[in-house]
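Data block for run37.txt (compact mmCIF, C-alpha atoms):
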```txt
# COMPACT_ATOMS: atom_id res chain seq x y z
CA MET J 791 0.00 0.00 0.00
CA LEU J 792 1.33 3.41 -0.91
CA PRO J 793 2.24 5.51 2.13
CA THR J 794 -0.37 8.20 2.62
CA PRO J 795 1.88 11.19 1.77
CA LEU J 796 2.93 9.49 -1.47
CA ALA J 797 -0.66 8.55 -2.33
CA VAL J 798 -1.82 12.12 -1.67
CA ARG J 799 0.96 13.52 -3.83
CA LEU J 800 -0.02 11.15 -6.63
CA ALA J 801 -3.71 12.03 -6.26
CA ARG J 802 -2.85 15.72 -6.62
CA ARG J 803 -0.75 14.97 -9.67
CA LEU J 804 -3.61 13.02 -11.25
CA HIS J 805 -6.05 15.85 -10.48
CA ALA J 806 -3.70 18.29 -12.20
CA ALA J 807 -3.46 16.04 -15.26
CA TRP J 808 -7.25 15.82 -15.58
CA ALA J 809 -7.76 19.52 -14.90
CA ALA J 810 -5.39 20.39 -17.75
CA ARG J 811 -7.35 18.44 -20.34
CA PRO J 812 -8.50 20.33 -23.42
CA GLY J 813 -12.23 20.42 -24.27
CA PRO J 814 -13.86 18.06 -26.77
CA ALA J 815 -12.32 18.08 -30.21
CA PRO J 816 -14.47 19.67 -32.89
CA GLY J 817 -15.98 17.43 -35.55
CA ASP J 818 -17.61 14.04 -35.41
CA PRO J 819 -16.31 11.13 -33.37
CA ALA J 820 -14.69 8.86 -35.93
CA ASP J 821 -15.95 5.46 -34.88
CA ASP J 822 -19.44 6.04 -33.56
CA TRP J 823 -21.27 7.08 -36.74
CA PRO J 824 -20.25 3.92 -38.64
CA ALA J 825 -21.25 1.92 -35.56
CA LEU J 826 -24.70 3.53 -35.60
CA ASP J 827 -25.07 2.85 -39.34
CA ALA J 828 -24.14 -0.79 -38.85
CA ARG J 829 -26.60 -1.23 -36.01
CA LEU J 830 -29.39 0.45 -37.96
CA ALA J 831 -28.71 -1.92 -40.85
CA ALA J 832 -28.85 -4.89 -38.48
CA ALA J 833 -32.16 -3.64 -37.06
CA ARG J 834 -33.61 -3.26 -40.56
CA THR J 835 -32.53 -6.80 -41.40
CA ALA J 836 -34.17 -8.13 -38.23
CA ARG J 837 -37.36 -6.22 -39.07
CA ARG J 838 -37.42 -7.59 -42.62
CA ARG J 839 -36.92 -11.17 -41.37
CA LEU J 840 -39.75 -10.76 -38.87
CA HIS J 841 -42.01 -9.34 -41.57
CA LEU J 842 -41.21 -12.18 -43.97
CA ALA J 843 -41.83 -14.81 -41.30
CA ALA J 844 -45.15 -13.24 -40.37
CA ARG J 845 -46.25 -13.09 -43.98
CA ALA J 846 -45.28 -16.72 -44.54
CA GLY J 847 -47.18 -17.81 -41.45
CA LEU J 848 -44.07 -19.15 -39.67
CA ALA J 849 -45.63 -18.81 -36.23
CA LEU J 850 -43.03 -20.88 -34.34
CA ILE J 851 -40.12 -18.64 -35.22
CA LEU J 852 -41.93 -15.32 -34.70
CA PRO J 853 -41.11 -14.91 -30.97
CA ARG J 854 -37.41 -15.44 -31.60
CA LEU J 855 -37.36 -12.98 -34.49
CA ALA J 856 -39.30 -10.42 -32.43
CA ALA J 857 -36.75 -10.77 -29.63
CA GLU J 858 -33.96 -10.38 -32.17
CA LEU J 859 -35.51 -7.15 -33.45
CA ALA J 860 -35.87 -5.84 -29.90
CA ALA J 861 -32.21 -6.61 -29.20
CA ARG J 862 -31.09 -4.88 -32.39
CA LEU J 863 -33.18 -1.81 -31.49
CA ASP J 864 -31.48 -1.80 -28.09
CA ASP J 865 -28.15 -1.77 -29.95
CA VAL J 866 -29.32 1.25 -31.93
CA ALA J 867 -30.32 3.02 -28.73
CA ARG J 868 -26.88 2.35 -27.25
CA ALA J 869 -25.17 3.64 -30.39
CA VAL J 870 -27.24 6.83 -30.23
CA ALA J 871 -26.35 7.22 -26.57
CA ASP J 872 -22.67 6.75 -27.47
CA LEU J 873 -22.91 9.52 -30.03
CA ARG J 874 -24.68 11.81 -27.60
CA ALA J 875 -22.04 11.15 -24.97
CA GLU J 876 -19.26 11.95 -27.44
CA ARG J 877 -20.77 15.37 -28.06
CA THR J 878 -20.90 16.35 -24.43
CA PRO J 879 -17.91 17.96 -22.72
CA PRO J 880 -15.86 15.69 -20.47
CA PRO J 881 -16.91 15.59 -16.84
CA PRO J 882 -15.04 17.93 -14.53
CA ALA J 883 -11.79 16.68 -13.08
CA PRO J 884 -12.36 14.74 -9.87
CA ASP J 885 -10.84 16.37 -6.84
CA PRO J 886 -7.68 14.95 -5.22
CA ALA J 887 -9.74 13.19 -2.56
CA ALA J 888 -11.66 11.31 -5.23
CA PHE J 889 -8.41 10.28 -6.89
CA LEU J 890 -7.08 9.12 -3.55
CA ALA J 891 -10.15 6.90 -3.21
CA GLU J 892 -9.57 5.58 -6.72
CA LEU J 893 -5.95 4.73 -5.90
CA ARG J 894 -6.91 2.94 -2.73
CA GLN J 895 -9.51 0.91 -4.60
CA VAL J 896 -6.98 -0.07 -7.27
CA GLU J 897 -4.64 -1.23 -4.53
CA ALA J 898 -7.41 -3.25 -2.91
CA GLU J 899 -8.55 -4.83 -6.18
CA LEU J 900 -5.24 -5.47 -7.89
CA GLY J 901 -2.85 -5.80 -5.02
CA GLY J 902 -0.57 -2.80 -5.05
CA LEU J 903 0.64 0.23 -6.95
CA ASP J 904 4.03 1.46 -7.98
CA VAL J 905 4.53 5.12 -8.93
CA ARG J 906 6.98 5.83 -11.74
CA TRP J 907 7.35 9.57 -11.54
CA ALA J 908 9.98 9.74 -14.29
CA ASP J 909 7.63 7.95 -16.72
CA GLY J 910 4.53 9.81 -15.55
CA ALA J 911 2.93 6.47 -14.85
CA VAL J 912 1.38 4.43 -12.08
CA ARG J 913 1.74 0.66 -12.30
CA ALA J 914 -0.56 -2.07 -11.03
CA THR J 915 0.41 -5.69 -11.31
CA THR J 916 -1.88 -8.61 -11.93
CA THR J 917 -1.71 -10.77 -8.87
CA GLU J 918 -1.69 -14.10 -10.62
CA PRO J 919 -0.37 -15.46 -13.91
CA VAL J 920 -2.80 -15.27 -16.78
CA ALA J 921 -3.58 -18.57 -18.46
CA LEU J 922 -6.06 -18.73 -21.33
CA ASP J 923 -7.20 -21.93 -23.01
CA GLY J 924 -4.35 -23.77 -21.34
CA VAL J 925 -1.69 -21.36 -22.58
CA ASP J 926 0.35 -19.78 -19.78
CA LEU J 927 0.92 -16.11 -20.58
CA GLY J 928 2.59 -15.13 -17.32
CA ARG J 929 2.01 -12.09 -15.14
CA PHE J 930 1.32 -8.62 -16.45
CA ALA J 931 1.85 -5.11 -15.19
CA VAL J 932 -0.60 -2.43 -16.24
CA ASP J 933 0.87 1.07 -16.49
CA PHE J 934 -1.44 4.07 -16.51
CA HIS J 935 0.29 7.12 -18.02
CA TRP J 936 -1.25 10.28 -16.66
CA THR J 937 0.84 12.30 -19.13
CA ARG J 938 -1.39 10.93 -21.91
CA VAL J 939 -4.66 12.14 -20.36
CA GLY J 940 -6.37 14.57 -22.70
CA ARG J 941 -4.01 13.70 -25.54
CA ARG J 942 -4.98 10.05 -25.96
CA GLU J 943 -8.16 8.16 -25.13
CA GLY J 944 -9.08 5.18 -23.01
CA ALA J 945 -6.88 2.16 -23.61
CA ALA J 946 -4.18 4.30 -25.22
CA CYS J 947 -3.42 5.77 -21.80
CA PHE J 948 -2.32 2.30 -20.68
CA ASP J 949 0.66 0.09 -21.45
CA VAL J 950 0.42 -3.61 -20.72
CA VAL J 951 3.82 -5.05 -19.86
CA ALA J 952 4.53 -8.78 -19.60
CA LEU J 953 6.63 -9.37 -16.48
CA ASP J 954 7.71 -12.87 -17.50
CA PRO J 955 6.90 -12.83 -21.21
CA HIS J 956 5.63 -15.87 -23.03
CA PRO J 957 5.31 -14.32 -26.51
CA ALA J 958 3.67 -16.07 -29.42
CA ALA J 959 6.06 -18.11 -31.55
CA GLY J 960 7.52 -15.84 -34.20
CA HIS J 961 5.87 -12.71 -32.73
CA ASP J 962 8.05 -11.28 -29.99
CA GLY J 963 5.79 -8.23 -29.51
CA VAL J 964 2.65 -10.29 -28.96
CA VAL J 965 2.64 -11.29 -25.30
CA HIS J 966 -1.14 -11.76 -25.09
CA PRO J 967 -3.70 -12.46 -27.83
CA HIS J 968 -4.94 -8.87 -27.41
CA VAL J 969 -1.67 -7.06 -26.65
CA ARG J 970 0.96 -6.08 -29.19
CA ASP J 971 4.00 -3.99 -28.32
CA ALA J 972 2.50 -3.15 -24.92
CA GLU J 973 -0.64 -1.77 -26.54
CA LEU J 974 -3.95 -3.26 -25.45
CA CYS J 975 -6.64 -3.73 -28.08
CA PRO J 976 -9.65 -3.49 -25.78
CA GLY J 977 -12.38 -4.67 -28.15
CA GLU J 978 -15.69 -4.56 -26.30
CA ALA J 979 -14.04 -2.67 -23.43
CA SER J 980 -13.22 0.24 -25.71
CA ALA J 981 -16.21 2.46 -24.92
CA PRO J 982 -16.41 1.84 -21.16
CA LEU J 983 -12.65 2.28 -20.86
CA ARG J 984 -12.82 5.57 -22.71
CA ARG J 985 -15.57 6.80 -20.42
CA ALA J 986 -13.86 5.58 -17.27
CA VAL J 987 -10.63 7.39 -18.13
CA ALA J 988 -12.47 10.53 -19.19
CA ALA J 989 -14.32 10.62 -15.88
CA GLY J 990 -11.21 9.86 -13.83
CA ARG J 991 -12.62 6.51 -12.69
CA LEU J 992 -9.18 5.00 -12.48
CA ALA J 993 -10.21 1.87 -10.58
CA ASP J 994 -12.89 1.02 -13.14
CA ALA J 995 -10.36 1.56 -15.92
CA PHE J 996 -7.79 -0.75 -14.34
CA LEU J 997 -10.46 -3.39 -13.72
CA LEU J 998 -11.62 -3.19 -17.33
CA VAL J 999 -8.06 -3.69 -18.56
CA ARG J 1000 -7.71 -6.67 -16.27
CA SER J 1001 -10.99 -8.13 -17.54
CA VAL J 1002 -9.70 -7.95 -21.11
CA LEU J 1003 -6.43 -9.61 -20.08
CA MET J 1004 -8.38 -12.43 -18.43
CA THR J 1005 -10.47 -13.14 -21.54
CA TYR J 1006 -9.70 -14.64 -24.91
CA ASN J 1007 -11.65 -13.59 -27.98
CA PRO J 1008 -10.91 -16.28 -30.57
CA ALA J 1009 -12.58 -14.19 -33.26
CA SER J 1010 -9.99 -11.43 -33.17
CA PRO J 1011 -6.59 -12.23 -31.67
CA HIS J 1012 -3.21 -10.93 -32.83
CA VAL J 1013 -2.12 -14.56 -32.74
CA PRO J 1014 -4.57 -17.42 -32.04
CA LEU J 1015 -3.86 -19.32 -28.86
CA ALA J 1016 -4.07 -22.55 -30.85
CA GLY J 1017 -0.90 -21.48 -32.64
CA TRP J 1018 0.80 -19.74 -29.70
CA HIS J 1019 3.67 -22.20 -29.57
CA GLY J 1020 3.87 -22.57 -33.34
CA MET J 1021 1.53 -24.26 -35.76
CA PRO J 1022 1.43 -28.01 -36.33
CA CYS J 1023 2.49 -29.12 -39.79
CA SER J 1024 -0.72 -30.27 -41.47
CA ASP J 1025 1.04 -33.26 -43.01
CA CYS J 1026 3.29 -34.66 -40.26
CA GLY J 1027 2.04 -32.78 -37.16
CA ARG J 1028 5.45 -31.40 -36.14
CA ARG J 1029 5.27 -27.88 -34.59
CA VAL J 1030 6.77 -25.24 -36.83
CA GLU J 1031 7.40 -21.54 -36.34
CA GLY J 1032 9.20 -18.59 -37.90
CA ASP J 1033 11.33 -19.27 -40.97
CA ASP J 1034 10.76 -23.01 -40.66
CA ARG J 1035 7.07 -22.54 -41.31
CA PHE J 1036 5.74 -22.83 -44.85
CA SER J 1037 2.23 -22.35 -46.10
CA CYS J 1038 0.45 -24.17 -48.90
CA ASP J 1039 -0.40 -21.67 -51.64
CA GLY J 1040 -3.55 -23.64 -52.35
CA CYS J 1041 -5.26 -24.33 -49.02
CA GLU J 1042 -3.01 -22.20 -46.71
CA ALA J 1043 -2.21 -25.22 -44.53
CA ASP J 1044 0.91 -24.83 -42.38
CA LEU J 1045 3.79 -27.06 -43.37
CA CYS J 1046 7.26 -27.94 -42.16
CA GLU J 1047 10.19 -27.74 -44.53
CA GLY J 1048 10.16 -31.50 -45.08
CA CYS J 1049 6.48 -31.64 -46.02
CA ALA J 1050 6.34 -28.48 -48.13
CA GLY J 1051 6.20 -29.69 -51.73
CA SER J 1052 6.24 -27.61 -54.86
CA CYS J 1053 4.42 -27.85 -58.15
CA GLY J 1054 6.58 -29.37 -60.87
CA ALA J 1055 5.23 -26.84 -63.35
CA CYS J 1056 4.77 -23.49 -61.58
CA SER J 1057 6.92 -24.14 -58.45
CA GLU J 1058 4.25 -22.88 -56.01
CA THR J 1059 4.47 -24.31 -52.49
CA ARG J 1060 1.85 -26.97 -51.94
CA CYS J 1061 0.87 -29.53 -49.36
CA ASP J 1062 0.56 -33.17 -50.29
CA GLY J 1063 -3.20 -32.90 -50.68
CA CYS J 1064 -2.90 -30.04 -53.16
CA LEU J 1065 -0.57 -31.90 -55.52
CA ALA J 1066 -1.46 -34.64 -58.01
CA ALA J 1067 0.63 -36.69 -60.41
CA CYS J 1068 0.64 -35.89 -64.09
CA GLY J 1069 -0.72 -38.87 -66.02
CA GLY J 1070 2.11 -38.55 -68.48
CA CYS J 1071 5.42 -37.83 -66.77
CA ARG J 1072 4.20 -38.52 -63.17
CA ALA J 1073 5.49 -35.12 -61.97
CA ALA J 1074 3.62 -33.73 -58.91
CA CYS J 1075 1.70 -30.67 -60.02
CA CYS J 1076 -0.93 -28.33 -58.57
CA PRO J 1077 -4.51 -28.52 -59.87
CA GLY J 1078 -4.05 -25.24 -61.74
CA CYS J 1079 -1.27 -26.71 -63.86
CA LEU J 1080 -2.99 -29.99 -64.65
CA GLU J 1081 -5.55 -30.28 -67.38
CA ASP J 1082 -7.81 -33.18 -68.19
CA VAL J 1083 -6.89 -34.45 -71.62
CA GLY J 1084 -8.83 -37.44 -72.82
CA GLY J 1085 -9.55 -38.57 -69.28
CA ARG J 1086 -5.93 -38.21 -68.13
CA ALA J 1087 -4.39 -35.35 -66.09
CA ALA J 1088 -1.61 -33.74 -68.06
CA CYS J 1089 0.94 -31.11 -67.07
CA PRO J 1090 1.95 -28.33 -69.50
CA ASP J 1091 4.87 -30.43 -70.77
CA CYS J 1092 2.65 -33.41 -71.46
CA ARG J 1093 -0.02 -31.67 -73.47
CA GLY J 1094 -0.09 -29.67 -76.64
CA ARG J 1095 -2.43 -27.83 -78.95
CA CYS J 1096 -3.59 -29.07 -82.34
CA SER J 1097 -2.46 -26.71 -85.07
CA ARG J 1098 -5.71 -27.20 -86.95
CA CYS J 1099 -8.65 -27.41 -84.51
CA GLY J 1100 -6.95 -25.84 -81.46
CA ALA J 1101 -7.97 -28.70 -79.15
CA THR J 1102 -5.71 -29.62 -76.23
CA VAL J 1103 -4.33 -33.09 -76.69
CA ARG J 1104 -1.64 -35.25 -75.16
CA ALA J 1105 1.77 -34.16 -76.33
CA ASP J 1106 2.72 -37.69 -77.34
CA GLU J 1107 -0.19 -37.71 -79.79
CA LEU J 1108 1.29 -34.87 -81.74
CA THR J 1109 4.01 -36.07 -84.06
CA ALA J 1110 5.71 -32.69 -84.06
CA GLU J 1111 5.07 -29.13 -82.98
CA GLY J 1112 2.43 -27.65 -85.24
CA THR J 1113 1.04 -30.93 -86.51
CA PRO J 1114 -2.66 -31.83 -86.37
CA CYS J 1115 -4.10 -33.96 -83.63
CA PRO J 1116 -5.24 -37.59 -84.14
CA ALA J 1117 -8.85 -36.51 -84.59
CA CYS J 1118 -7.89 -34.09 -87.32
CA ASN J 1119 -5.70 -36.78 -88.88
CA GLN J 1120 -8.67 -39.19 -88.88
CA GLU J 1121 -10.82 -36.48 -90.40
CA ASP J 1122 -8.27 -36.21 -93.19
CA ASP J 1123 -8.42 -39.98 -93.66
CA ILE J 1124 -12.22 -39.93 -93.86
CA ASP J 1125 -12.08 -37.11 -96.38
CA ASP J 1126 -9.68 -39.15 -98.44
CA VAL J 1127 -11.95 -42.21 -98.33
CA GLU J 1128 -14.96 -40.11 -99.25
CA ASP J 1129 -13.06 -38.61 -102.15
CA ASP J 1130 -12.08 -42.08 -103.33
CA ASN J 1131 -15.70 -43.25 -103.15
CA ASP J 1132 -16.93 -40.22 -105.05
CA VAL J 1133 -14.39 -40.82 -107.75
CA ALA J 1134 -15.28 -44.49 -108.01
CA ALA J 1135 -18.98 -43.70 -108.26
CA ALA J 1136 -18.47 -41.11 -110.92
CA THR J 1137 -16.25 -43.26 -113.11
CA GLY J 1138 -18.20 -46.44 -112.73
CA GLY J 1139 -15.36 -48.00 -111.02
CA VAL J 1140 -12.95 -47.19 -113.73
CA GLY J 1141 -11.02 -44.99 -111.58
CA VAL J 1142 -10.91 -41.94 -113.68
CA PRO J 1143 -11.35 -38.78 -111.77
CA PRO J 1144 -14.35 -36.67 -112.82
CA ASP J 1145 -13.93 -33.45 -114.72
CA PRO J 1146 -13.61 -30.82 -112.04
CA SER J 1147 -15.51 -28.37 -114.23
CA MET U 661 -33.88 8.09 -3.60
CA LYS U 662 -30.94 8.70 -5.88
CA ILE U 663 -27.80 6.65 -6.22
CA LEU U 664 -24.88 6.80 -8.64
CA LEU U 665 -24.96 3.80 -10.99
CA ILE U 666 -21.83 2.97 -12.95
CA ASN U 667 -22.37 0.27 -15.54
CA ASN U 668 -19.06 -0.68 -17.13
CA ASP U 669 -20.80 -3.16 -19.42
CA GLY U 670 -21.54 -2.12 -23.00
CA GLY U 671 -21.18 1.62 -23.34
CA GLY U 672 -19.94 2.19 -19.80
CA PHE U 673 -22.35 4.72 -18.39
CA ALA U 674 -22.21 6.49 -15.08
CA ALA U 675 -25.28 8.44 -14.06
CA PRO U 676 -27.44 9.18 -11.04
CA VAL U 677 -30.54 7.01 -11.07
CA GLU U 678 -33.73 7.04 -9.04
CA VAL U 679 -34.45 3.81 -7.18
CA ALA U 680 -37.19 2.83 -4.80
CA ASP U 681 -36.49 2.72 -1.10
CA GLY U 682 -35.45 -0.77 -0.03
CA THR U 683 -33.92 -1.63 -3.39
CA THR U 684 -31.29 -4.31 -2.99
CA VAL U 685 -28.09 -4.79 -4.94
CA ALA U 686 -29.52 -7.94 -6.54
CA LYS U 687 -32.70 -6.11 -7.65
CA LEU U 688 -30.81 -3.23 -9.24
CA PHE U 689 -28.38 -5.63 -10.89
CA ALA U 690 -31.25 -7.61 -12.41
CA ASP U 691 -32.88 -4.40 -13.65
CA THR U 692 -29.64 -3.07 -15.09
CA VAL U 693 -28.26 -6.26 -16.65
CA PRO U 694 -31.29 -8.33 -17.67
CA GLY U 695 -30.28 -11.95 -17.95
CA GLY U 696 -26.82 -11.24 -16.54
CA ARG U 697 -25.18 -13.52 -13.98
CA PRO U 698 -23.90 -11.65 -10.91
CA GLY U 699 -20.93 -14.02 -10.80
CA ASP U 700 -19.69 -12.56 -14.08
CA TYR U 701 -19.42 -9.06 -12.59
CA LEU U 702 -17.47 -7.22 -9.96
CA ILE U 703 -20.23 -5.52 -8.00
CA ARG U 704 -19.09 -2.76 -5.70
CA VAL U 705 -21.03 -0.44 -3.44
CA ASN U 706 -19.02 2.57 -2.39
CA ARG U 707 -15.94 0.79 -3.80
CA LEU U 708 -16.42 -2.27 -1.58
CA PRO U 709 -17.71 -5.77 -2.40
CA ALA U 710 -21.42 -5.99 -1.73
CA ALA U 711 -23.80 -8.77 -0.73
CA ALA U 712 -26.75 -9.48 -3.00
CA ASP U 713 -29.26 -8.59 -0.30
CA GLN U 714 -27.55 -5.35 0.69
CA VAL U 715 -30.12 -2.56 0.71
CA LEU U 716 -29.00 0.55 -1.10
CA ALA U 717 -28.92 3.87 0.68
CA PRO U 718 -29.31 7.38 -0.74
CA GLY U 719 -26.09 8.61 -2.33
CA ASP U 720 -24.59 5.13 -2.70
CA ARG U 721 -22.19 4.53 -5.55
CA LEU U 722 -22.83 1.17 -7.21
CA SER U 723 -20.49 -0.06 -9.94
CA LEU U 724 -20.84 -3.13 -12.18
CA THR U 725 -17.77 -4.31 -14.08
CA PRO U 726 -17.73 -7.48 -16.19
CA THR U 727 -14.94 -9.86 -15.26
CA LYS U 728 -14.66 -11.13 -18.83
CA ILE U 729 -14.49 -8.76 -21.76
CA GLU U 730 -13.46 -9.76 -25.24
CA GLY U 731 -10.52 -7.83 -26.59
CA ALA U 732 -9.59 -7.55 -30.22
CA ALA U 733 -6.63 -7.45 -32.57
CA ALA U 734 -6.99 -3.85 -33.62
```
Could you quickly redo this structure as structure tokens?
Amino acid sequence: MLPTPLAVRLARRLHAAWAARPGPAPGDPADDWPALDARLAAARTARRRLHLAARAGLALILPRLAAELAARLDDVARAVADLRAERTPPPPAPDPAAFLAELRQVEAELGGLDVRWADGAVRATTTEPVALDGVDLGRFAVDFHWTRVGRREGAACFDVVALDPHPAAGHDGVVHPHVRDAELCPGEASAPLRRAVAAGRLADAFLLVRSVLMTYNPASPHVPLAGWHGMPCSDCGRRVEGDDRFSCDGCEADLCEGCAGSCGACSETRCDGCLAACGGCRAACCPGCLEDVGGRAACPDCRGRCSRCGATVRADELTAEGTPCPACNQEDDIDDVEDDNDVAAATGGVGVPPDPS
Amino acid sequence: MKILLINNDGGGFAAPVEVADGTTVAKLFADTVPGGRPGDYLIRVNRLPAAADQVLAPGDRLSLTPTKIEGAAA
């Protein structure tokens, strides 16, 4: 616990930082209008679905769709409230006594504070190591920089520092799925954190940061926890990371160096499942380089184009570059036979060609 | 009577609200976070942990902070 004189000095310093804040910036808040638009669109979609279900007589699903519409309208109301809040001036700076109470609450909730006067920061430390989905991420310190108040908002006033870092494989700056280079990406905590900092509710702000650190959002991590210690090779299962990690250009599967194949025609990296043998030369090629020719997969070297009809045929069926394909050759043969028959018919079997005129 | 309600869920609002005399922490929580589980929140009255059946008094400061909040990548 901070000694009282030190805590009082810090509370006065925090009060001074909040009191020196500039007023609200002119113009529209950048994020909140798109958020309102998105929520209005979602509400319209819910309304349309409810209307369609009612018209089609789908009585069983109507209550769920009505509840969905009500929830989406609540979202709209919250977005409007967000916008309204953005347009109002920040609350007055809490007095030093209020900041002292905030500091004492942070100490009680998080287990201690450390003042870093030179950095303009106050540090709280998570009391226990953070482990998410079985991945041990270690302990974190949360630094609040009062020098950023009024110049930066919400989460940007904080640094999150790993005390015994367990960074993601190949990503030294990512010490938590939602922390990169000490910067917290607060996600759903963004708005409440912004408001807590603006109002000088330091304890709420620290608790919100801690809540984000204790939660994993698999939909939007810097690095997924499933791949925290490297990704398993999709072919052999060996863990791979950094420069040893390859990716199939076809299905994006992770591969080790030993299992990363390449197309014999275009040289793209491919996994085993994204390569197939050419029916002619047996070279492993990607699907994009193989073409079905007469029921057989053929690579570019094992197929060619008929000089007469333009059809793709097996290269070994063309006697030389620029020669016709077997079908065209047979057509020539049939033409010859037909010509012979015509001649025979015209000459009564004598074999004299008819007068071309 | 009026109390200060700080809801750090969603938008994170802090505002004085009117509540009926005898309102308990559990009742106000249920009204503020419909369907929410109290175990998923830090519930503080005047900065201290509160019992569900604690009756609120005029001027109390009640804060609700989710213990799990999904972060993001950007």
Contacts of Asp872 (chain J) at 9 Å or less, counting only C-alpha atoms, minus same-chain residues fewer than 4 places along, as an MDAnalysis selection string?
(chainID J and resid 822 826 867:868 876:877 981) or (chainID U and resid 671)
Please determine the contact residues of chain U with respect to chain J at a cut-off of 12 Å, counting all atoms listed in the file, and supply them as an mmCIF file with C-alpha atoms, in the frame of the given file.
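Output contents, as saved in part24.cif:
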```cif
data_model
loop_
_atom_site.group_PDB
_atom_site.id
_atom_site.type_symbol
_atom_site.label_atom_id
_atom_site.label_comp_id
_atom_site.auth_asym_id
_atom_site.auth_seq_id
_atom_site.Cartn_x
_atom_site.Cartn_y
_atom_site.Cartn_z
ATOM 1 C CA ILE U 666 -21.830 2.970 -12.950
ATOM 2 C CA ASN U 667 -22.370 0.270 -15.540
ATOM 3 C CA ASN U 668 -19.060 -0.680 -17.130
ATOM 4 C CA ASP U 669 -20.800 -3.160 -19.420
ATOM 5 C CA GLY U 670 -21.540 -2.120 -23.000
ATOM 6 C CA GLY U 671 -21.180 1.620 -23.340
ATOM 7 C CA GLY U 672 -19.940 2.190 -19.800
ATOM 8 C CA PHE U 673 -22.350 4.720 -18.390
ATOM 9 C CA ALA U 674 -22.210 6.490 -15.080
ATOM 10 C CA ALA U 675 -25.280 8.440 -14.060
ATOM 11 C CA PRO U 694 -31.290 -8.330 -17.670
ATOM 12 C CA ASP U 700 -19.690 -12.560 -14.080
ATOM 13 C CA TYR U 701 -19.420 -9.060 -12.590
ATOM 14 C CA LEU U 702 -17.470 -7.220 -9.960
ATOM 15 C CA ILE U 703 -20.230 -5.520 -8.000
ATOM 16 C CA ARG U 704 -19.090 -2.760 -5.700
ATOM 17 C CA VAL U 705 -21.030 -0.440 -3.440
ATOM 18 C CA ASN U 706 -19.020 2.570 -2.390
ATOM 19 C CA ARG U 707 -15.940 0.790 -3.800
ATOM 20 C CA LEU U 708 -16.420 -2.270 -1.580
ATOM 21 C CA PRO U 709 -17.710 -5.770 -2.400
ATOM 22 C CA LEU U 722 -22.830 1.170 -7.210
ATOM 23 C CA SER U 723 -20.490 -0.060 -9.940
ATOM 24 C CA LEU U 724 -20.840 -3.130 -12.180
ATOM 25 C CA THR U 725 -17.770 -4.310 -14.080
ATOM 26 C CA PRO U 726 -17.730 -7.480 -16.190
ATOM 27 C CA THR U 727 -14.940 -9.860 -15.260
ATOM 28 C CA LYS U 728 -14.660 -11.130 -18.830
ATOM 29 C CA ILE U 729 -14.490 -8.760 -21.760
ATOM 30 C CA GLU U 730 -13.460 -9.760 -25.240
ATOM 31 C CA GLY U 731 -10.520 -7.830 -26.590
ATOM 32 C CA ALA U 732 -9.590 -7.550 -30.220
ATOM 33 C CA ALA U 733 -6.630 -7.450 -32.570
ATOM 34 C CA ALA U 734 -6.990 -3.850 -33.620
#
```
Gap from CA of Arg837 (chain J) to CA of Ala825 (chain J) - Å, one decimal
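A separation of 18.4 Å between them.
Distance-wise, CA of His935 (chain J) and CA of Cys947 (chain J) end up 5.5 Å apart.
In this comparison, which uses all atoms listed in the file, the residue of J:Arg1095, J:Arg1072, J:Arg862, J:Arg1028 approaching Arg829 (chain J) most closely is J:Arg862.
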CA of Gly682 (chain U) to CA of Pro718 (chain U), distance in Å rounded to a single decimal:
10.2 Å
Near Gly1084 (chain J), counting all atoms listed in the file, which residues have an atom at most 10 Å away, once you skip same-chain residues fewer than 4 positions from it, shown as a list in words?
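In the requested format, the answer is Ala1088, Thr1102, Val1103 and Arg1104 of chain J.
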Cut-off 12 Å around (-38.4, -11.8, -33.4) with all atoms listed in the file: residues as a PyMOL selection string:
chain J and resi 833+835-844+848-863
All residues 10 Å or closer to Ala1016 (chain J), only C-alpha atoms, same chain fewer than 6 positions away omitted, as a ChimeraX atom specification:
/J:923-925,1008,1022
Need to verify the contact set: Cys1041 (chain J), 12 Å, only C-alpha atoms, exclusion of same-chain residues closer than 2 positions in sequence. Can you return it as a ChimeraX atom specification?
/J:1024,1036-1039,1043-1045,1058-1065,1076-1077
List every protein, DNA or RNA residue with an atom no more than 9 Å from (-28.6, 8.3, -11.3) in the file's coordinates, counting all atoms listed in the file, and format the result as a PyMOL selection string.
chain U and resi 662-666+674-679
Nearest residue to Glu897 (chain J) from the set J:Pro824, J:Pro1090, J:Gly1027, J:Pro793 (distances using all atoms listed in the file):
J:Pro793
Just the residues within 8 Å of region 956-966 of chain J, please, counting all atoms listed in the file, with nothing from its chain fewer than 3 positions along; format it as a list in words.
Asp926, Leu927, Gly928, Ala952, Val969, Arg970, Asp971, Ala972, Leu1003, His1012, Val1013, Gly1017, Trp1018, His1019, Gly1020, Glu1031 and Gly1032 of chain J
Resulting file, chosen residues, C-alpha atoms, as a compact mmCIF listing (two decimals), in the frame of the given file:
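What landed in part_4.txt:
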```txt
# COMPACT_ATOMS: atom_id res chain seq x y z
CA ASP J 926 0.35 -19.78 -19.78
CA LEU J 927 0.92 -16.11 -20.58
CA GLY J 928 2.59 -15.13 -17.32
CA ALA J 952 4.53 -8.78 -19.60
CA VAL J 969 -1.67 -7.06 -26.65
CA ARG J 970 0.96 -6.08 -29.19
CA ASP J 971 4.00 -3.99 -28.32
CA ALA J 972 2.50 -3.15 -24.92
CA LEU J 1003 -6.43 -9.61 -20.08
CA HIS J 1012 -3.21 -10.93 -32.83
CA VAL J 1013 -2.12 -14.56 -32.74
CA GLY J 1017 -0.90 -21.48 -32.64
CA TRP J 1018 0.80 -19.74 -29.70
CA HIS J 1019 3.67 -22.20 -29.57
CA GLY J 1020 3.87 -22.57 -33.34
CA GLU J 1031 7.40 -21.54 -36.34
CA GLY J 1032 9.20 -18.59 -37.90
```
